[in-house]
$ cat entry.cif   # mmCIF, C-alpha atoms
data_target
#
loop_
_atom_site.label_atom_id
_atom_site.label_comp_id
_atom_site.auth_asym_id
_atom_site.auth_seq_id
_atom_site.Cartn_x
_atom_site.Cartn_y
_atom_site.Cartn_z
CA SER A 14 0.41 -52.19 -12.72
CA LYS A 15 -0.88 -49.10 -14.49
CA PRO A 16 1.49 -46.23 -15.26
CA LEU A 17 1.67 -43.13 -13.14
CA VAL A 18 -0.72 -40.35 -14.04
CA LYS A 19 1.11 -37.03 -13.98
CA GLY A 20 -0.11 -33.46 -14.15
CA ALA A 21 2.25 -30.58 -13.44
CA ASP A 22 5.83 -31.29 -12.43
CA ASP A 23 4.90 -31.37 -8.75
CA ASP A 24 1.89 -33.65 -9.19
CA VAL A 25 2.12 -37.42 -8.85
CA CYS A 26 -0.88 -39.75 -8.96
CA VAL A 27 -0.83 -43.47 -8.18
CA SER A 28 -3.25 -45.90 -9.79
CA PRO A 29 -5.01 -48.14 -8.88
CA ALA A 30 -6.19 -47.43 -5.33
CA PRO A 31 -4.90 -50.08 -2.90
CA TYR A 32 -7.58 -49.27 -0.32
CA LEU A 33 -11.29 -48.55 -0.66
CA PRO A 34 -12.40 -47.78 2.92
CA PHE A 35 -15.93 -46.79 1.91
CA THR A 36 -16.62 -50.42 0.92
CA ASP A 37 -16.05 -51.63 4.51
CA PRO A 38 -18.59 -50.46 7.13
CA HIS A 39 -16.13 -50.92 10.01
CA LYS A 40 -13.31 -49.01 8.35
CA SER A 41 -15.55 -46.22 7.07
CA ARG A 42 -17.04 -45.37 10.48
CA PRO A 43 -14.82 -43.05 12.55
CA PRO A 44 -12.38 -43.72 14.03
CA GLY A 45 -12.27 -47.00 12.04
CA LEU A 46 -9.12 -48.35 13.70
CA PHE A 47 -7.76 -51.85 13.09
CA PRO A 48 -4.48 -53.64 13.97
CA LEU A 49 -1.22 -52.85 12.21
CA ALA A 50 1.50 -55.49 11.85
CA PRO A 51 4.79 -53.78 12.82
CA GLY A 52 6.45 -55.06 9.65
CA ASP A 53 3.85 -53.17 7.59
CA TRP A 54 4.60 -49.82 9.22
CA THR A 55 5.66 -48.27 5.89
CA GLU A 56 4.52 -48.93 2.33
CA GLN A 57 6.19 -48.49 -1.06
CA ASP A 58 4.56 -48.35 -4.48
CA ASP A 59 5.43 -47.60 -8.09
CA ALA A 60 5.42 -43.85 -7.42
CA PHE A 61 8.25 -44.09 -4.88
CA ALA A 62 10.97 -42.39 -6.93
CA ALA A 63 8.73 -39.61 -8.24
CA GLN A 64 7.20 -38.88 -4.83
CA MET A 65 10.55 -38.92 -3.06
CA THR A 66 11.91 -36.42 -5.60
CA GLN A 67 8.94 -34.21 -4.78
CA ARG A 68 9.52 -34.63 -1.03
CA ASP A 69 13.23 -33.80 -1.41
CA ARG A 70 12.34 -30.62 -3.28
CA LEU A 71 9.66 -29.48 -0.84
CA ILE A 72 11.94 -30.03 2.15
CA ALA A 73 14.84 -28.21 0.46
CA GLU A 74 12.72 -25.26 -0.72
CA ASN A 75 10.16 -24.91 2.11
CA PRO A 76 11.61 -26.37 5.32
CA SER A 77 9.71 -23.96 7.56
CA LEU A 78 6.42 -25.03 5.94
CA VAL A 79 6.84 -28.82 5.87
CA ALA A 80 9.30 -29.80 8.65
CA LEU A 81 9.09 -28.46 12.22
CA ALA A 82 9.92 -29.55 15.76
CA LEU A 83 9.42 -27.99 19.18
CA PRO A 84 12.34 -28.21 21.65
CA GLU A 85 10.44 -30.66 23.85
CA ALA A 86 10.30 -33.16 20.96
CA GLU A 87 14.07 -33.80 20.93
CA ASP A 88 14.10 -37.07 22.88
CA ALA A 89 11.05 -38.48 21.10
CA LEU A 90 12.50 -37.58 17.69
CA ALA A 91 15.71 -39.45 18.54
CA GLU A 92 13.72 -42.52 19.62
CA PHE A 93 11.52 -42.36 16.53
CA ALA A 94 14.54 -41.99 14.25
CA ALA A 95 16.21 -45.08 15.71
CA LEU A 96 13.01 -47.14 15.35
CA LEU A 97 12.36 -45.99 11.77
CA ILE A 98 15.96 -46.59 10.68
CA ALA A 99 15.89 -50.10 12.17
CA HIS A 100 12.61 -50.81 10.36
CA LEU A 101 13.83 -49.50 7.00
CA SER A 102 17.05 -51.49 7.28
CA THR A 103 14.88 -54.60 6.82
CA ARG A 104 12.85 -53.23 3.89
CA PRO A 105 13.57 -54.04 0.24
CA GLY A 106 15.81 -51.50 -1.49
CA TYR A 107 17.09 -49.73 1.63
CA ARG A 108 20.73 -49.99 2.71
CA ARG A 109 22.31 -48.50 5.83
CA ASP A 110 25.77 -47.06 5.21
CA GLY A 111 27.18 -45.61 8.41
CA ASP A 112 25.41 -42.32 9.11
CA ALA A 113 23.40 -42.43 5.90
CA MET A 114 20.61 -44.49 4.36
CA ARG A 115 20.43 -45.37 0.68
CA ARG A 116 16.83 -45.30 -0.52
CA PRO A 117 15.35 -47.68 -3.11
CA ASP A 118 15.60 -44.89 -5.73
CA GLY A 119 19.36 -44.69 -5.19
CA GLU A 120 19.38 -41.38 -3.29
CA THR A 121 21.33 -41.22 -0.03
CA VAL A 122 19.88 -39.45 3.02
CA PRO A 123 22.01 -38.37 6.02
CA LEU A 124 20.59 -39.93 9.19
CA THR A 125 19.82 -37.30 11.80
CA PRO A 126 16.92 -37.16 14.28
CA ARG A 127 15.40 -34.15 12.57
CA PRO A 128 12.01 -33.99 10.81
CA GLU A 129 13.55 -32.80 7.54
CA ALA A 130 15.82 -35.86 7.39
CA LEU A 131 13.18 -38.36 8.51
CA GLY A 132 10.74 -36.95 5.95
CA ARG A 133 13.15 -37.87 3.15
CA LEU A 134 13.24 -41.57 3.98
CA THR A 135 9.73 -42.78 3.11
CA GLN A 136 6.61 -41.86 1.16
CA GLU A 137 4.86 -41.40 4.50
CA ASP A 138 4.44 -38.08 6.24
CA TRP A 139 5.31 -38.31 9.92
CA LEU A 140 3.78 -36.44 12.86
CA LEU A 141 4.87 -36.77 16.49
CA LEU A 142 2.43 -36.24 19.36
CA GLN A 143 3.19 -36.09 23.06
CA ALA A 144 1.06 -35.56 26.15
CA PRO A 145 2.57 -32.94 28.51
CA ALA A 146 1.23 -34.92 31.49
CA PRO A 147 -0.42 -38.37 31.81
CA ASP A 148 -3.98 -37.02 31.83
CA ASP A 149 -3.41 -34.30 29.20
CA GLU A 150 -4.47 -34.38 25.57
CA ALA A 151 -1.67 -35.23 23.16
CA VAL A 152 0.03 -32.23 21.51
CA LEU A 153 1.57 -32.07 18.03
CA VAL A 154 5.25 -31.44 18.82
CA ALA A 155 7.08 -32.32 15.57
CA GLY A 156 6.60 -33.57 12.05
CA CYS A 157 7.36 -33.58 8.38
CA LEU A 158 4.21 -32.96 6.34
CA CYS A 159 4.86 -32.78 2.59
CA PHE A 160 1.50 -34.08 1.34
CA PRO A 161 -1.18 -32.37 3.47
CA ALA A 162 -4.86 -32.37 2.53
CA HIS A 163 -5.67 -28.65 2.90
CA TRP A 164 -3.85 -27.90 6.15
CA ASN A 165 -0.29 -27.08 7.10
CA LEU A 166 2.15 -27.81 9.90
CA PRO A 167 2.88 -24.21 11.04
CA ASP A 168 -0.83 -23.70 11.79
CA LYS A 169 -1.07 -26.84 13.95
CA ILE A 170 2.31 -27.28 15.66
CA GLY A 171 2.08 -26.96 19.44
CA LYS A 172 -1.70 -27.54 19.51
CA PRO A 173 -3.57 -30.42 21.21
CA LEU A 174 -5.42 -33.01 19.12
CA THR A 175 -8.82 -31.35 19.34
CA ARG A 176 -7.48 -28.08 17.93
CA VAL A 177 -5.42 -29.93 15.33
CA HIS A 178 -8.67 -31.40 14.01
CA ASP A 179 -10.40 -28.05 13.51
CA PRO A 180 -12.59 -27.74 11.43
CA VAL A 181 -13.64 -31.43 11.23
CA PRO A 182 -17.43 -31.48 11.90
CA ASP A 183 -18.46 -32.75 15.35
CA TYR A 184 -14.89 -33.72 16.24
CA ALA A 185 -14.69 -31.77 19.49
CA GLU A 186 -18.19 -32.79 20.63
CA THR A 187 -18.32 -36.41 19.47
CA LEU A 188 -14.98 -37.87 18.48
CA ALA A 189 -12.45 -36.08 20.69
CA PRO A 190 -13.20 -37.97 23.95
CA ARG A 191 -13.03 -41.34 22.16
CA VAL A 192 -9.85 -40.49 20.25
CA ASN A 193 -8.19 -39.19 23.41
CA ARG A 194 -9.00 -42.47 25.17
CA ILE A 195 -7.53 -44.42 22.26
CA PHE A 196 -4.35 -42.35 22.34
CA ALA A 197 -4.02 -42.76 26.11
CA ALA A 198 -4.51 -46.54 25.91
CA LEU A 199 -2.34 -47.19 22.84
CA HIS A 200 0.10 -49.98 23.70
CA THR A 201 3.68 -50.02 22.43
CA ASP A 202 3.37 -53.50 20.91
CA ARG A 203 -0.11 -53.04 19.42
CA PRO A 204 0.09 -50.33 16.74
CA LEU A 205 -3.07 -49.36 14.89
CA GLN A 206 -4.07 -48.05 11.50
CA ARG A 207 -7.06 -46.42 9.84
CA LEU A 208 -8.10 -45.24 6.39
CA ASN A 209 -9.46 -41.83 5.46
CA TRP A 210 -10.86 -40.77 2.10
CA SER A 211 -11.73 -37.56 0.28
CA LEU A 212 -12.17 -36.36 -3.29
CA ALA A 213 -9.97 -34.06 -5.34
CA THR A 214 -10.23 -32.21 -8.62
CA GLU A 215 -6.50 -32.40 -9.42
CA PRO A 216 -3.75 -34.99 -8.86
CA ARG A 217 -1.95 -32.78 -6.38
CA LEU A 218 -0.43 -34.30 -3.25
CA HIS A 219 0.91 -31.07 -1.70
CA CYS A 220 -2.20 -29.10 -0.67
CA PRO A 221 -1.22 -26.85 2.28
CA THR A 222 -3.95 -24.21 1.88
CA PRO A 223 -7.68 -24.38 2.69
CA HIS A 224 -9.73 -25.61 -0.24
CA GLU A 225 -11.57 -22.95 -2.22
CA ARG A 226 -13.87 -24.69 -4.64
CA ARG A 227 -14.32 -22.98 -7.97
CA VAL A 228 -17.57 -23.03 -9.94
CA GLY A 229 -17.65 -25.93 -12.35
CA GLU A 230 -15.10 -28.11 -10.54
CA THR A 231 -15.88 -31.80 -10.55
CA PRO A 232 -14.38 -34.63 -8.47
CA ARG A 233 -11.89 -36.54 -10.60
CA PHE A 234 -9.63 -38.25 -8.04
CA LEU A 235 -10.00 -40.36 -4.95
CA ARG A 236 -7.58 -39.43 -2.17
CA VAL A 237 -6.99 -42.12 0.44
CA GLU A 238 -4.78 -41.71 3.50
CA ARG A 239 -3.47 -44.80 5.25
CA GLN A 240 -2.83 -43.51 8.78
CA THR A 241 -0.77 -45.42 11.35
CA LEU A 242 -0.48 -44.97 15.12
CA ARG A 243 2.49 -46.30 17.06
CA ARG A 244 3.59 -45.52 20.62
CA LEU A 245 7.31 -45.19 21.31
CA PRO A 246 8.30 -47.38 24.30
CA ARG A 247 10.80 -45.07 26.03
CA THR A 248 9.34 -41.56 25.68
CA GLY A 249 5.70 -42.61 25.30
CA ALA A 250 5.24 -40.27 22.32
CA ILE A 251 2.94 -41.37 19.51
CA VAL A 252 4.09 -41.49 15.90
CA PHE A 253 1.33 -40.74 13.40
CA GLY A 254 2.22 -41.83 9.86
CA VAL A 255 0.28 -40.87 6.73
CA LYS A 256 0.75 -42.55 3.35
CA THR A 257 -1.36 -40.77 0.71
CA TYR A 258 -2.73 -42.38 -2.44
CA LEU A 259 -4.37 -40.53 -5.33
CA THR A 260 -6.34 -42.48 -7.90
CA PRO A 261 -8.46 -41.34 -10.86
CA LEU A 262 -12.11 -42.06 -10.17
CA ALA A 263 -12.35 -43.35 -13.72
CA ASP A 264 -9.97 -46.17 -12.76
CA LEU A 265 -12.19 -47.47 -9.97
CA PRO A 266 -14.24 -50.61 -10.67
CA SER A 267 -17.93 -49.94 -11.18
CA ASP A 268 -18.87 -51.61 -7.87
CA ALA A 269 -16.39 -49.40 -6.01
CA ARG A 270 -17.80 -46.26 -7.63
CA ALA A 271 -21.30 -47.41 -6.65
CA ALA A 272 -20.18 -48.00 -3.05
CA LEU A 273 -18.55 -44.54 -2.97
CA ALA A 274 -21.70 -42.88 -4.31
CA GLU A 275 -23.79 -44.72 -1.70
CA ARG A 276 -21.44 -43.64 1.09
CA ILE A 277 -21.53 -40.04 -0.11
CA ALA A 278 -25.33 -40.04 -0.18
CA ALA A 279 -25.37 -41.15 3.47
CA LEU A 280 -23.08 -38.37 4.72
CA PRO A 281 -24.56 -35.87 7.20
CA SER A 282 -24.91 -32.43 5.64
CA ASP A 283 -22.09 -30.87 7.67
CA MET A 284 -19.67 -33.64 6.68
CA ALA A 285 -20.77 -33.36 3.04
CA ASP A 286 -20.00 -29.64 3.21
CA TYR A 287 -16.61 -30.40 4.77
CA LYS A 288 -15.80 -32.85 1.96
CA GLY A 289 -16.66 -30.36 -0.77
CA GLY A 290 -20.41 -29.80 -0.76
CA ALA A 291 -23.40 -31.97 -1.69
CA ASP A 292 -23.56 -30.72 -5.29
CA TYR A 293 -19.89 -31.46 -5.83
CA LEU A 294 -20.00 -34.88 -4.18
CA SER A 295 -23.18 -35.94 -5.99
CA GLN A 296 -21.30 -35.93 -9.28
CA VAL A 297 -19.73 -39.26 -8.25
CA GLY A 298 -21.89 -42.11 -9.42
#

$ encode --input "entry.cif" --output "structure tokens"
Amino acid sequence: SKPLVKGADDDVCVSPAPYLPFTDPHKSRPPGLFPLAPGDWTEQDDAFAAQMTQRDRLIAENPSLVALALPEAEDALAEFAALLIAHLSTRPGYRRDGDAMRRPDGETVPLTPRPEALGRLTQEDWLLLQAPAPDDEAVLVAGCLCFPAHWNLPDKIGKPLTRVHDPVPDYAETLAPRVNRIFAALHTDRPLQRLNWSLATEPRLHCPTPHERRVGETPRFLRVERQTLRRLPRTGAIVFGVKTYLTPLADLPSDARAALAERIAALPSDMADYKGGADYLSQVG
């Protein structure tokens, strides 16, 4: 595999991209869901040690920014913790030692059902959603979000899905009813996954503030999020996992770059604006 591409100390980029959702019509059309094998719930790559060091630092230095939980999330967090620990105990490089878990990079993490502990176990970010009542929209009640793409947990905690997705174009009008039906129907033994892509100018995983594009910026990196959805059997809460990959556009095969440029050209104007603006996006080719 290719070496890591590093910028500043807090930047880690993985190459090559393991997923190219814009090359698959089904996976590129929202919501683009497809089955997830339970054994593939988490992923590891060559950037594991570097990214986990970054996660450890963010959680230690900014816990109120990256790891939060509402009181009503306590039971679901405990159930999620037990399920994640059981899963990781079967994964290469992990070793359970009493009330702690040894990660593949050799670091040991105390096992507690708290977002800040769970966020130190994997490269994934974890968000927990729970419907207050059977017919209600799911609400974001807990999570550890170290690698956000221009949003942050304090702004979204306690909000229902539709408000969490502000300002995604047409979400409330078009996608929200469909996504809410998917969440309501999600079965405990049939987890799902989807892929989301965007472009970035820098190899920065931790992007908690709204993007302000500067004149002259050009897209240099592909950012792909592998998102997983899994319902917890006892509490009924939904665990939303996000594994983020950053890859230099220059490392993409020519046919993948062509497919990306074609997908960009087909974007509606409001979505093109949301993803950075037509002029910015058109520089991919």

$ closest_residue --input "entry.cif" --among "A:Gly249, A:Pro76, A:Pro31, A:Pro38" --to "Ala146 in chain A" --atoms "all atoms listed in the file"
A:Gly249

$ resolve_selection --input "entry.cif" --expression "the PyMOL selection byres ((chain A and resi 60) around 9)" --output "list in words"
Leu17, Val25, Cys26, Val27, Gln57, Asp58, Asp59, Phe61, Ala62, Ala63, Gln64, Met65 and Gln136 of chain A

$ residues_around --input "entry.cif" --residues "Leu140 in chain A" --least-positions-apart "4" --cutoff "9 Å" --atoms "all atoms listed in the file" --output "number ranges by chain"
A: 128, 153-158, 251-255

$ write_last_selection --input "entry.cif" --atoms "C-alpha atoms" --output "PDB file, in the coordinates of the input"
ATOM      1  CA  PRO A 128      12.010 -33.990  10.810  1.00  0.00           C
ATOM      2  CA  LEU A 153       1.570 -32.070  18.030  1.00  0.00           C
ATOM      3  CA  VAL A 154       5.250 -31.440  18.820  1.00  0.00           C
ATOM      4  CA  ALA A 155       7.080 -32.320  15.570  1.00  0.00           C
ATOM      5  CA  GLY A 156       6.600 -33.570  12.050  1.00  0.00           C
ATOM      6  CA  CYS A 157       7.360 -33.580   8.380  1.00  0.00           C
ATOM      7  CA  LEU A 158       4.210 -32.960   6.340  1.00  0.00           C
ATOM      8  CA  ILE A 251       2.940 -41.370  19.510  1.00  0.00           C
ATOM      9  CA  VAL A 252       4.090 -41.490  15.900  1.00  0.00           C
ATOM     10  CA  PHE A 253       1.330 -40.740  13.400  1.00  0.00           C
ATOM     11  CA  GLY A 254       2.220 -41.830   9.860  1.00  0.00           C
ATOM     12  CA  VAL A 255       0.280 -40.870   6.730  1.00  0.00           C
TER      13      VAL A 255
END

$ resolve_selection --input "entry.cif" --expression "the PyMOL selection byres ((chain A and resi 50) around 10)" --output "ChimeraX atom specification"
/A:48-49,51-54,202-206

$ atom_distance --input "entry.cif" --atom1 "CA of Ile170 in chain A" --atom2 "CA of Asp149 in chain A"
16.3 Å

$ closest_residue --input "entry.cif" --among "A:Thr214, A:Thr222, A:Asn75, A:Thr248" --to "Leu142 in chain A" --atoms "all atoms listed in the file"
A:Thr248

$ residues_near_point --input "entry.cif" --point "(5.2, -30.0, -0.5)" --cutoff "8 Å" --atoms "all atoms listed in the file" --output "ChimeraX atom specification"
/A:67-68,70-72,75,79,158-161,218-221

$ resolve_selection --input "entry.cif" --expression "the PyMOL selection byres ((chain A and resi 119) around 9)" --output "compact mmCIF listing (two decimals) with C-alpha atoms, keeping the file's coordinate frame"
# COMPACT_ATOMS: atom_id res chain seq x y z
CA ALA A 62 10.97 -42.39 -6.93
CA GLY A 106 15.81 -51.50 -1.49
CA TYR A 107 17.09 -49.73 1.63
CA ARG A 115 20.43 -45.37 0.68
CA ARG A 116 16.83 -45.30 -0.52
CA PRO A 117 15.35 -47.68 -3.11
CA ASP A 118 15.60 -44.89 -5.73
CA GLU A 120 19.38 -41.38 -3.29
CA THR A 121 21.33 -41.22 -0.03

$ residues_around --input "entry.cif" --residues "Pro232 in chain A" --least-positions-apart "6" --cutoff "12 Å" --atoms "all atoms listed in the file" --output "NGL selection string"
:A and (211-216 or 226 or 260-263 or 274 or 288-298)

$ closest_residue --input "entry.cif" --among "A:Leu273, A:Glu92, A:Gln240, A:Glu186" --to "Gly45 in chain A" --atoms "only C-alpha atoms"
A:Gln240

$ closest_residue --input "entry.cif" --among "A:Val152, A:Leu174, A:Leu78, A:Ile98" --to "Leu188 in chain A" --atoms "only C-alpha atoms"
A:Leu174

$ closest_residue --input "entry.cif" --among "A:Leu134, A:Pro246, A:Ala73, A:Arg127" --to "Leu101 in chain A" --atoms "all atoms listed in the file"
A:Leu134

$ closest_residue --input "entry.cif" --among "A:Tyr287, A:Phe196, A:Trp164, A:Tyr258" --to "Arg244 in chain A" --atoms "all atoms listed in the file"
A:Phe196

$ atom_distance --input "entry.cif" --atom1 "CA of Met114 in chain A" --atom2 "CA of Ser102 in chain A"
8.4 Å

$ axis_aligned_box --input "entry.cif" --around "range 63-68 of chain A" --padding-each-side "4 Å" --output "lines of an AutoDock Vina configuration file"
center_x = 9.6
center_y = -36.9
center_z = -4.6
size_x = 12.7
size_y = 13.4
size_z = 15.2

$ decode --input "entry.cif" --residues "range 125-136 of chain A" --atoms "all heavy atoms" --output "PDB file, in the first residue's frame"
ATOM      1  N   THR A 125     -15.692   1.912  29.478  1.00  0.00           N
ATOM      2  CA  THR A 125     -16.844   2.491  30.156  1.00  0.00           C
ATOM      3  C   THR A 125     -17.871   2.872  29.100  1.00  0.00           C
ATOM      4  O   THR A 125     -17.503   3.202  27.966  1.00  0.00           O
ATOM      5  CB  THR A 125     -16.470   3.745  30.966  1.00  0.00           C
ATOM      6  OG1 THR A 125     -15.989   4.756  30.064  1.00  0.00           O
ATOM      7  CG2 THR A 125     -15.382   3.431  31.993  1.00  0.00           C
ATOM      8  N   PRO A 126     -19.156   2.837  29.434  1.00  0.00           N
ATOM      9  CA  PRO A 126     -20.188   3.184  28.452  1.00  0.00           C
ATOM     10  C   PRO A 126     -20.357   4.688  28.298  1.00  0.00           C
ATOM     11  O   PRO A 126     -21.442   5.241  28.472  1.00  0.00           O
ATOM     12  CB  PRO A 126     -21.444   2.524  29.035  1.00  0.00           C
ATOM     13  CG  PRO A 126     -21.219   2.549  30.505  1.00  0.00           C
ATOM     14  CD  PRO A 126     -19.741   2.365  30.700  1.00  0.00           C
ATOM     15  N   ARG A 127     -19.276   5.349  27.988  1.00  0.00           N
ATOM     16  CA  ARG A 127     -19.281   6.791  27.782  1.00  0.00           C
ATOM     17  C   ARG A 127     -18.756   7.097  26.374  1.00  0.00           C
ATOM     18  O   ARG A 127     -17.856   6.410  25.876  1.00  0.00           O
ATOM     19  CB  ARG A 127     -18.394   7.493  28.816  1.00  0.00           C
ATOM     20  CG  ARG A 127     -18.858   7.334  30.248  1.00  0.00           C
ATOM     21  CD  ARG A 127     -20.157   8.078  30.476  1.00  0.00           C
ATOM     22  NE  ARG A 127     -20.029   9.494  30.077  1.00  0.00           N
ATOM     23  CZ  ARG A 127     -21.084  10.288  29.866  1.00  0.00           C
ATOM     24  NH1 ARG A 127     -22.304   9.831  29.969  1.00  0.00           N
ATOM     25  NH2 ARG A 127     -20.889  11.555  29.529  1.00  0.00           N
ATOM     26  N   PRO A 128     -19.281   8.125  25.718  1.00  0.00           N
ATOM     27  CA  PRO A 128     -18.833   8.437  24.359  1.00  0.00           C
ATOM     28  C   PRO A 128     -17.330   8.654  24.251  1.00  0.00           C
ATOM     29  O   PRO A 128     -16.708   8.237  23.271  1.00  0.00           O
ATOM     30  CB  PRO A 128     -19.602   9.720  24.012  1.00  0.00           C
ATOM     31  CG  PRO A 128     -20.790   9.706  24.892  1.00  0.00           C
ATOM     32  CD  PRO A 128     -20.359   9.039  26.165  1.00  0.00           C
ATOM     33  N   GLU A 129     -16.720   9.301  25.256  1.00  0.00           N
ATOM     34  CA  GLU A 129     -15.298   9.591  25.163  1.00  0.00           C
ATOM     35  C   GLU A 129     -14.445   8.330  25.218  1.00  0.00           C
ATOM     36  O   GLU A 129     -13.335   8.296  24.653  1.00  0.00           O
ATOM     37  CB  GLU A 129     -14.859  10.576  26.262  1.00  0.00           C
ATOM     38  CG  GLU A 129     -15.215  10.157  27.671  1.00  0.00           C
ATOM     39  CD  GLU A 129     -16.560  10.681  28.114  1.00  0.00           C
ATOM     40  OE1 GLU A 129     -17.456  10.877  27.270  1.00  0.00           O
ATOM     41  OE2 GLU A 129     -16.717  10.907  29.340  1.00  0.00           O
ATOM     42  N   ALA A 130     -14.923   7.275  25.875  1.00  0.00           N
ATOM     43  CA  ALA A 130     -14.204   6.005  25.894  1.00  0.00           C
ATOM     44  C   ALA A 130     -14.459   5.222  24.603  1.00  0.00           C
ATOM     45  O   ALA A 130     -13.525   4.689  23.991  1.00  0.00           O
ATOM     46  CB  ALA A 130     -14.614   5.178  27.104  1.00  0.00           C
ATOM     47  N   LEU A 131     -15.705   5.161  24.173  1.00  0.00           N
ATOM     48  CA  LEU A 131     -16.055   4.423  22.970  1.00  0.00           C
ATOM     49  C   LEU A 131     -15.402   5.036  21.735  1.00  0.00           C
ATOM     50  O   LEU A 131     -15.045   4.332  20.788  1.00  0.00           O
ATOM     51  CB  LEU A 131     -17.575   4.379  22.812  1.00  0.00           C
ATOM     52  CG  LEU A 131     -18.313   3.695  23.977  1.00  0.00           C
ATOM     53  CD1 LEU A 131     -19.814   3.885  23.846  1.00  0.00           C
ATOM     54  CD2 LEU A 131     -17.966   2.224  24.044  1.00  0.00           C
ATOM     55  N   GLY A 132     -15.223   6.353  21.740  1.00  0.00           N
ATOM     56  CA  GLY A 132     -14.588   7.037  20.617  1.00  0.00           C
ATOM     57  C   GLY A 132     -13.102   6.788  20.509  1.00  0.00           C
ATOM     58  O   GLY A 132     -12.480   7.161  19.507  1.00  0.00           O
ATOM     59  N   ARG A 133     -12.513   6.166  21.517  1.00  0.00           N
ATOM     60  CA  ARG A 133     -11.076   5.859  21.498  1.00  0.00           C
ATOM     61  C   ARG A 133     -10.796   4.419  21.078  1.00  0.00           C
ATOM     62  O   ARG A 133      -9.638   3.994  21.083  1.00  0.00           O
ATOM     63  CB  ARG A 133     -10.470   6.113  22.880  1.00  0.00           C
ATOM     64  CG  ARG A 133     -10.494   7.569  23.328  1.00  0.00           C
ATOM     65  CD  ARG A 133      -9.761   7.725  24.645  1.00  0.00           C
ATOM     66  NE  ARG A 133      -8.376   7.256  24.515  1.00  0.00           N
ATOM     67  CZ  ARG A 133      -7.683   6.679  25.493  1.00  0.00           C
ATOM     68  NH1 ARG A 133      -8.247   6.466  26.675  1.00  0.00           N
ATOM     69  NH2 ARG A 133      -6.446   6.281  25.284  1.00  0.00           N
ATOM     70  N   LEU A 134     -11.826   3.686  20.705  1.00  0.00           N
ATOM     71  CA  LEU A 134     -11.636   2.271  20.386  1.00  0.00           C
ATOM     72  C   LEU A 134     -11.438   1.999  18.899  1.00  0.00           C
ATOM     73  O   LEU A 134     -10.767   1.031  18.530  1.00  0.00           O
ATOM     74  CB  LEU A 134     -12.839   1.463  20.891  1.00  0.00           C
ATOM     75  CG  LEU A 134     -12.969   1.338  22.414  1.00  0.00           C
ATOM     76  CD1 LEU A 134     -14.289   0.669  22.772  1.00  0.00           C
ATOM     77  CD2 LEU A 134     -11.797   0.560  22.995  1.00  0.00           C
ATOM     78  N   THR A 135     -12.019   2.817  18.035  1.00  0.00           N
ATOM     79  CA  THR A 135     -11.991   2.546  16.598  1.00  0.00           C
ATOM     80  C   THR A 135     -11.735   3.828  15.815  1.00  0.00           C
ATOM     81  O   THR A 135     -11.832   4.928  16.349  1.00  0.00           O
ATOM     82  CB  THR A 135     -13.329   1.947  16.114  1.00  0.00           C
ATOM     83  OG1 THR A 135     -14.344   2.960  16.195  1.00  0.00           O
ATOM     84  CG2 THR A 135     -13.741   0.745  16.955  1.00  0.00           C
ATOM     85  N   GLN A 136     -11.445   3.666  14.533  1.00  0.00           N
ATOM     86  CA  GLN A 136     -11.312   4.825  13.648  1.00  0.00           C
ATOM     87  C   GLN A 136     -12.662   5.457  13.336  1.00  0.00           C
ATOM     88  O   GLN A 136     -12.709   6.593  12.854  1.00  0.00           O
ATOM     89  CB  GLN A 136     -10.614   4.414  12.350  1.00  0.00           C
ATOM     90  CG  GLN A 136      -9.127   4.139  12.507  1.00  0.00           C
ATOM     91  CD  GLN A 136      -8.497   3.592  11.233  1.00  0.00           C
ATOM     92  OE1 GLN A 136      -8.430   2.390  11.044  1.00  0.00           O
ATOM     93  NE2 GLN A 136      -8.022   4.472  10.362  1.00  0.00           N
TER      94      GLN A 136
END
